[in-house]
Structures are given as structure tokens and as C-alpha cells.
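**Q** Have a look at this one before I ask anything.
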Amino acid sequence: MGYLNDMLAKLGGQGGQEGGLGALSKLVSSNGGLQGMTSKLAQSGMGQQVQSWVGHGKNEPVTGQQVQEALDTNSLNQLAQQTGQSPEQASAQVARVLPDMVNQATPQGTMPKDDPFSKGMAALKSMVSK
């Protein structure tokens, strides 16, 4: 879990973990929530990776380029601007965080009925501190 917290800190720029969670929350929300975002990724040829994150077992990686091709360009550009990174750097960071983030959001091996990203920062902090 330390790895995910380190990555969230990088996404948060100076803001640390909360900043990273906030940035990720905005990215996920602008891409249709957890369900919408994972659907976009799956429809862009990453279905096997997404399933590995949701299911039990090893999380398969994705690349920053794949993230850029699948997710909303404006939301990725906003994330990059917020974190002081180039869009390519921000996408690479998101690609590193996504497998663990989705894995943490789907502990039962299925998509939750309630999107944890719609429940606010306290729920997100609880999710990544497990």
C-alpha cells in the first residue's frame, strides 16, 4: 500500500496524499465514475487488464499512452496542470496508480454498487489506507 500512497503523493504535487486523491477523484468523476472509467479502458482494448484489477490475482499494468488514448483528454490535461506535470507524465503516473486504485475499490472482486469516488474524500482515504 505504500506504493499507492507514494504515487498519490506524486499526483498531488505539493498537496501530498489528499491532493493526489482529489486529483484522481476529479479524473475518475470526469470519466463517468469508476464504472465509466473502467468501461472506457476496457473498450479501448484494456479489458484484460481491467478485469485483473477487479478480480483476485495479479494486477496487469497499462501504459501512460494507453491511458491517454482511453480517457478524456481534458481531464488528463487538467490533472497535468494541477500537478505541474506534462500530460505524458501525468498519464504515466495515472497508469501506475490505476491497477492498485481499482483493486482497492473492488475488494469483493466485482464492481461496487456505490461508486467510492462519489462518497467524498473520507471514503477515498479509507479505501487507500486499507
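Each chain in the C-alpha cells gets a letter, A, B, ..., in the order shown, and its residues are numbered from 1; ligands are numbered from 1 in order too.
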Region 72-116 of chain A near region 52-62 of chain A within 9 Å: what's each residue's closest atom pair and its distance in Å to one decimal, counting only C-alpha atoms, ordered by chain then ascending residue number, as CSV?
**A**
```
residue,atom,partner,partner_atom,distance
A:Ala92,CA,A:Val62,CA,8.9
A:Ala95,CA,A:Val62,CA,5.7
A:Arg96,CA,A:Pro61,CA,7.3
A:Leu98,CA,A:Val62,CA,8.3
A:Pro99,CA,A:Trp53,CA,5.4
A:Asp100,CA,A:Trp53,CA,7.1
A:Met101,CA,A:Trp53,CA,8.4
A:Val102,CA,A:Trp53,CA,5.8
A:Asn103,CA,A:Trp53,CA,4.8
A:Gln104,CA,A:Val54,CA,8.5
A:Ala105,CA,A:Val54,CA,8.1
A:Thr106,CA,A:Val54,CA,5.6
A:Pro107,CA,A:Val54,CA,7.7
A:Gln108,CA,A:Gly55,CA,7.9
A:Gly109,CA,A:Gly55,CA,4.3
A:Thr110,CA,A:Val54,CA,5.9
A:Met111,CA,A:Val54,CA,7.0
```
**Q** For the selection just defined, write its residues with all heavy atoms to a file, as a tab-separated table (two decimals), in the first residue's frame.
**A**
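The file below, out.tsv, is the result:
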```tsv
chain	number	residue	atom	x	y	z
A	92	ALA	N	1.34	8.82	-17.30
A	92	ALA	CA	2.19	7.72	-16.83
A	92	ALA	C	1.96	7.47	-15.34
A	92	ALA	O	1.90	6.31	-14.90
A	92	ALA	CB	3.66	8.04	-17.09
A	95	ALA	N	-1.35	5.72	-14.97
A	95	ALA	CA	-1.21	4.32	-15.39
A	95	ALA	C	-0.59	3.48	-14.27
A	95	ALA	O	-0.96	2.31	-14.10
A	95	ALA	CB	-0.36	4.23	-16.65
A	96	ARG	N	0.30	4.06	-13.50
A	96	ARG	CA	0.92	3.32	-12.38
A	96	ARG	C	-0.05	3.15	-11.22
A	96	ARG	O	0.00	2.16	-10.50
A	96	ARG	CB	2.18	4.03	-11.93
A	96	ARG	CG	3.31	3.92	-12.93
A	96	ARG	CD	4.58	4.54	-12.40
A	96	ARG	NE	5.55	4.68	-13.47
A	96	ARG	CZ	5.90	5.82	-14.02
A	96	ARG	NH1	5.40	6.96	-13.57
A	96	ARG	NH2	6.77	5.87	-15.00
A	98	LEU	N	-3.57	3.31	-11.39
A	98	LEU	CA	-4.86	2.68	-11.72
A	98	LEU	C	-5.02	1.23	-11.24
A	98	LEU	O	-6.04	0.92	-10.63
A	98	LEU	CB	-5.11	2.72	-13.23
A	98	LEU	CG	-5.75	3.97	-13.78
A	98	LEU	CD1	-5.85	3.89	-15.29
A	98	LEU	CD2	-7.11	4.21	-13.18
A	99	PRO	N	-4.06	0.36	-11.48
A	99	PRO	CA	-4.28	-1.03	-11.05
A	99	PRO	C	-4.56	-1.15	-9.55
A	99	PRO	O	-5.52	-1.82	-9.15
A	99	PRO	CB	-2.98	-1.74	-11.44
A	99	PRO	CG	-2.46	-0.93	-12.59
A	99	PRO	CD	-2.83	0.49	-12.26
A	100	ASP	N	-3.76	-0.50	-8.73
A	100	ASP	CA	-3.97	-0.57	-7.28
A	100	ASP	C	-5.25	0.15	-6.86
A	100	ASP	O	-5.97	-0.31	-5.98
A	100	ASP	CB	-2.78	0.02	-6.51
A	100	ASP	CG	-1.57	-0.90	-6.52
A	100	ASP	OD1	-1.74	-2.12	-6.66
A	100	ASP	OD2	-0.45	-0.38	-6.38
A	101	MET	N	-5.53	1.28	-7.50
A	101	MET	CA	-6.72	2.05	-7.15
A	101	MET	C	-7.99	1.25	-7.42
A	101	MET	O	-8.87	1.14	-6.57
A	101	MET	CB	-6.74	3.35	-7.94
A	101	MET	CG	-7.92	4.24	-7.62
A	101	MET	SD	-8.06	5.61	-8.77
A	101	MET	CE	-8.64	4.77	-10.24
A	102	VAL	N	-8.09	0.66	-8.61
A	102	VAL	CA	-9.28	-0.12	-8.95
A	102	VAL	C	-9.34	-1.37	-8.07
A	102	VAL	O	-10.42	-1.75	-7.60
A	102	VAL	CB	-9.30	-0.48	-10.45
A	102	VAL	CG1	-10.47	-1.41	-10.77
A	102	VAL	CG2	-9.40	0.79	-11.30
A	103	ASN	N	-8.22	-1.98	-7.81
A	103	ASN	CA	-8.16	-3.15	-6.94
A	103	ASN	C	-8.70	-2.82	-5.55
A	103	ASN	O	-9.49	-3.58	-4.98
A	103	ASN	CB	-6.72	-3.66	-6.87
A	103	ASN	CG	-6.62	-4.99	-6.15
A	103	ASN	OD1	-7.50	-5.84	-6.25
A	103	ASN	ND2	-5.53	-5.17	-5.45
A	104	GLN	N	-8.30	-1.69	-5.00
A	104	GLN	CA	-8.78	-1.27	-3.68
A	104	GLN	C	-10.27	-0.94	-3.68
A	104	GLN	O	-10.96	-1.16	-2.70
A	104	GLN	CB	-7.99	-0.05	-3.18
A	104	GLN	CG	-6.56	-0.36	-2.81
A	104	GLN	CD	-6.49	-1.32	-1.64
A	104	GLN	OE1	-7.18	-1.17	-0.65
A	104	GLN	NE2	-5.64	-2.32	-1.77
A	105	ALA	N	-10.76	-0.43	-4.81
A	105	ALA	CA	-12.17	-0.05	-4.90
A	105	ALA	C	-13.09	-1.24	-5.14
A	105	ALA	O	-14.31	-1.12	-5.02
A	105	ALA	CB	-12.36	0.97	-6.03
A	106	THR	N	-12.49	-2.41	-5.46
A	106	THR	CA	-13.29	-3.60	-5.77
A	106	THR	C	-12.83	-4.79	-4.93
A	106	THR	O	-12.46	-5.84	-5.47
A	106	THR	CB	-13.16	-3.94	-7.27
A	106	THR	OG1	-11.77	-4.13	-7.59
A	106	THR	CG2	-13.73	-2.85	-8.15
A	107	PRO	N	-12.88	-4.69	-3.61
A	107	PRO	CA	-12.33	-5.75	-2.75
A	107	PRO	C	-13.07	-7.09	-2.87
A	107	PRO	O	-12.49	-8.13	-2.57
A	107	PRO	CB	-12.46	-5.17	-1.34
A	107	PRO	CG	-13.56	-4.19	-1.43
A	107	PRO	CD	-13.47	-3.61	-2.82
A	108	GLN	N	-14.30	-7.08	-3.31
A	108	GLN	CA	-15.06	-8.32	-3.44
A	108	GLN	C	-14.86	-8.99	-4.80
A	108	GLN	O	-15.46	-10.03	-5.08
A	108	GLN	CB	-16.56	-8.06	-3.21
A	108	GLN	CG	-16.88	-7.39	-1.89
A	108	GLN	CD	-16.38	-8.17	-0.69
A	108	GLN	OE1	-16.51	-9.38	-0.64
A	108	GLN	NE2	-15.77	-7.48	0.25
A	109	GLY	N	-14.06	-8.36	-5.66
A	109	GLY	CA	-13.83	-8.92	-6.98
A	109	GLY	C	-14.90	-8.55	-7.99
A	109	GLY	O	-14.95	-9.12	-9.08
A	110	THR	N	-15.76	-7.60	-7.65
A	110	THR	CA	-16.79	-7.10	-8.55
A	110	THR	C	-16.89	-5.59	-8.37
A	110	THR	O	-16.46	-5.04	-7.35
A	110	THR	CB	-18.17	-7.72	-8.26
A	110	THR	OG1	-18.54	-7.42	-6.91
A	110	THR	CG2	-18.16	-9.22	-8.47
A	111	MET	N	-17.48	-4.94	-9.36
A	111	MET	CA	-17.70	-3.50	-9.25
A	111	MET	C	-18.69	-3.22	-8.12
A	111	MET	O	-19.73	-3.88	-8.05
A	111	MET	CB	-18.26	-2.93	-10.54
A	111	MET	CG	-17.23	-2.69	-11.60
A	111	MET	SD	-16.17	-1.32	-11.13
A	111	MET	CE	-14.95	-1.51	-12.41
```
**Q** So, counting only C-alpha atoms, which residue among A:Ser29, A:Gln66, A:Ser86, A:Thr73 is closest to Gln43 (chain A)?
**A** A:Gln66
**Q** Ranking A:Asp114, A:Leu79, A:Val94, A:Ala70 by minimum distance to Leu41 (chain A) and counting only C-alpha atoms, which one comes first?
**A**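 Among the listed residues, the smallest separation from Leu41 (chain A) belongs to A:Ala70.
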**Q** Give me, as JSON lines, the closest atom pair and its distance (Å, one decimal) for every residue of region 59-126 of chain A within a cut-off of 10 Å of region 21-28 of chain A, counting only C-alpha atoms, rows sorted by chain and rising number.
**A**
```
{"residue": "A:Leu71", "atom": "CA", "partner": "A:Leu27", "partner_atom": "CA", "distance": 8.8}
{"residue": "A:Asp72", "atom": "CA", "partner": "A:Leu27", "partner_atom": "CA", "distance": 8.5}
{"residue": "A:Asn74", "atom": "CA", "partner": "A:Leu27", "partner_atom": "CA", "distance": 9.4}
{"residue": "A:Ser75", "atom": "CA", "partner": "A:Leu27", "partner_atom": "CA", "distance": 5.7}
{"residue": "A:Leu76", "atom": "CA", "partner": "A:Leu27", "partner_atom": "CA", "distance": 6.9}
{"residue": "A:Asn77", "atom": "CA", "partner": "A:Leu27", "partner_atom": "CA", "distance": 9.9}
{"residue": "A:Gln78", "atom": "CA", "partner": "A:Leu27", "partner_atom": "CA", "distance": 8.5}
{"residue": "A:Leu79", "atom": "CA", "partner": "A:Ala23", "partner_atom": "CA", "distance": 6.2}
{"residue": "A:Ala80", "atom": "CA", "partner": "A:Ala23", "partner_atom": "CA", "distance": 9.4}
{"residue": "A:Gln82", "atom": "CA", "partner": "A:Ala23", "partner_atom": "CA", "distance": 7.7}
{"residue": "A:Thr83", "atom": "CA", "partner": "A:Ala23", "partner_atom": "CA", "distance": 8.3}
{"residue": "A:Val94", "atom": "CA", "partner": "A:Leu24", "partner_atom": "CA", "distance": 8.0}
{"residue": "A:Val97", "atom": "CA", "partner": "A:Leu24", "partner_atom": "CA", "distance": 9.2}
{"residue": "A:Leu98", "atom": "CA", "partner": "A:Leu24", "partner_atom": "CA", "distance": 9.3}
{"residue": "A:Met101", "atom": "CA", "partner": "A:Leu24", "partner_atom": "CA", "distance": 9.3}
{"residue": "A:Pro116", "atom": "CA", "partner": "A:Ser25", "partner_atom": "CA", "distance": 9.3}
{"residue": "A:Phe117", "atom": "CA", "partner": "A:Ser25", "partner_atom": "CA", "distance": 5.8}
{"residue": "A:Ser118", "atom": "CA", "partner": "A:Ser25", "partner_atom": "CA", "distance": 8.2}
{"residue": "A:Gly120", "atom": "CA", "partner": "A:Ser25", "partner_atom": "CA", "distance": 8.6}
{"residue": "A:Met121", "atom": "CA", "partner": "A:Gly22", "partner_atom": "CA", "distance": 7.3}
{"residue": "A:Leu124", "atom": "CA", "partner": "A:Leu21", "partner_atom": "CA", "distance": 7.1}
{"residue": "A:Lys125", "atom": "CA", "partner": "A:Leu21", "partner_atom": "CA", "distance": 7.6}
```
**Q** Go ahead and save the residues from that selection, with C-alpha atoms, as a PDB file, in the first residue's frame.
**A**
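As a result, again_3.pdb now contains:
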```pdb
ATOM      1  CA  LEU A  71      -9.666   8.682 -21.025  1.00  0.00           C
ATOM      2  CA  ASP A  72     -10.987  12.194 -21.540  1.00  0.00           C
ATOM      3  CA  ASN A  74      -9.442  17.499 -20.974  1.00  0.00           C
ATOM      4  CA  SER A  75      -9.491  15.711 -17.633  1.00  0.00           C
ATOM      5  CA  LEU A  76      -5.942  14.425 -18.153  1.00  0.00           C
ATOM      6  CA  ASN A  77      -4.775  17.922 -19.156  1.00  0.00           C
ATOM      7  CA  GLN A  78      -6.380  19.367 -16.011  1.00  0.00           C
ATOM      8  CA  LEU A  79      -4.646  16.726 -13.894  1.00  0.00           C
ATOM      9  CA  ALA A  80      -1.325  17.553 -15.556  1.00  0.00           C
ATOM     10  CA  GLN A  82      -2.867  20.738 -11.342  1.00  0.00           C
ATOM     11  CA  THR A  83       0.180  18.574 -10.594  1.00  0.00           C
ATOM     12  CA  VAL A  94      -2.163   7.541 -13.573  1.00  0.00           C
ATOM     13  CA  VAL A  97      -1.836   4.120  -9.875  1.00  0.00           C
ATOM     14  CA  LEU A  98      -4.858   2.676 -11.724  1.00  0.00           C
ATOM     15  CA  MET A 101      -6.718   2.050  -7.145  1.00  0.00           C
ATOM     16  CA  PRO A 116     -16.443   5.028  -3.845  1.00  0.00           C
ATOM     17  CA  PHE A 117     -15.358   8.125  -5.764  1.00  0.00           C
ATOM     18  CA  SER A 118     -18.791   9.693  -5.257  1.00  0.00           C
ATOM     19  CA  GLY A 120     -16.118  12.084  -0.738  1.00  0.00           C
ATOM     20  CA  MET A 121     -12.544  12.322   0.490  1.00  0.00           C
ATOM     21  CA  LEU A 124     -11.331   7.578  -0.521  1.00  0.00           C
ATOM     22  CA  LYS A 125      -8.798   7.975   2.264  1.00  0.00           C
TER      23      LYS A 125
END
```
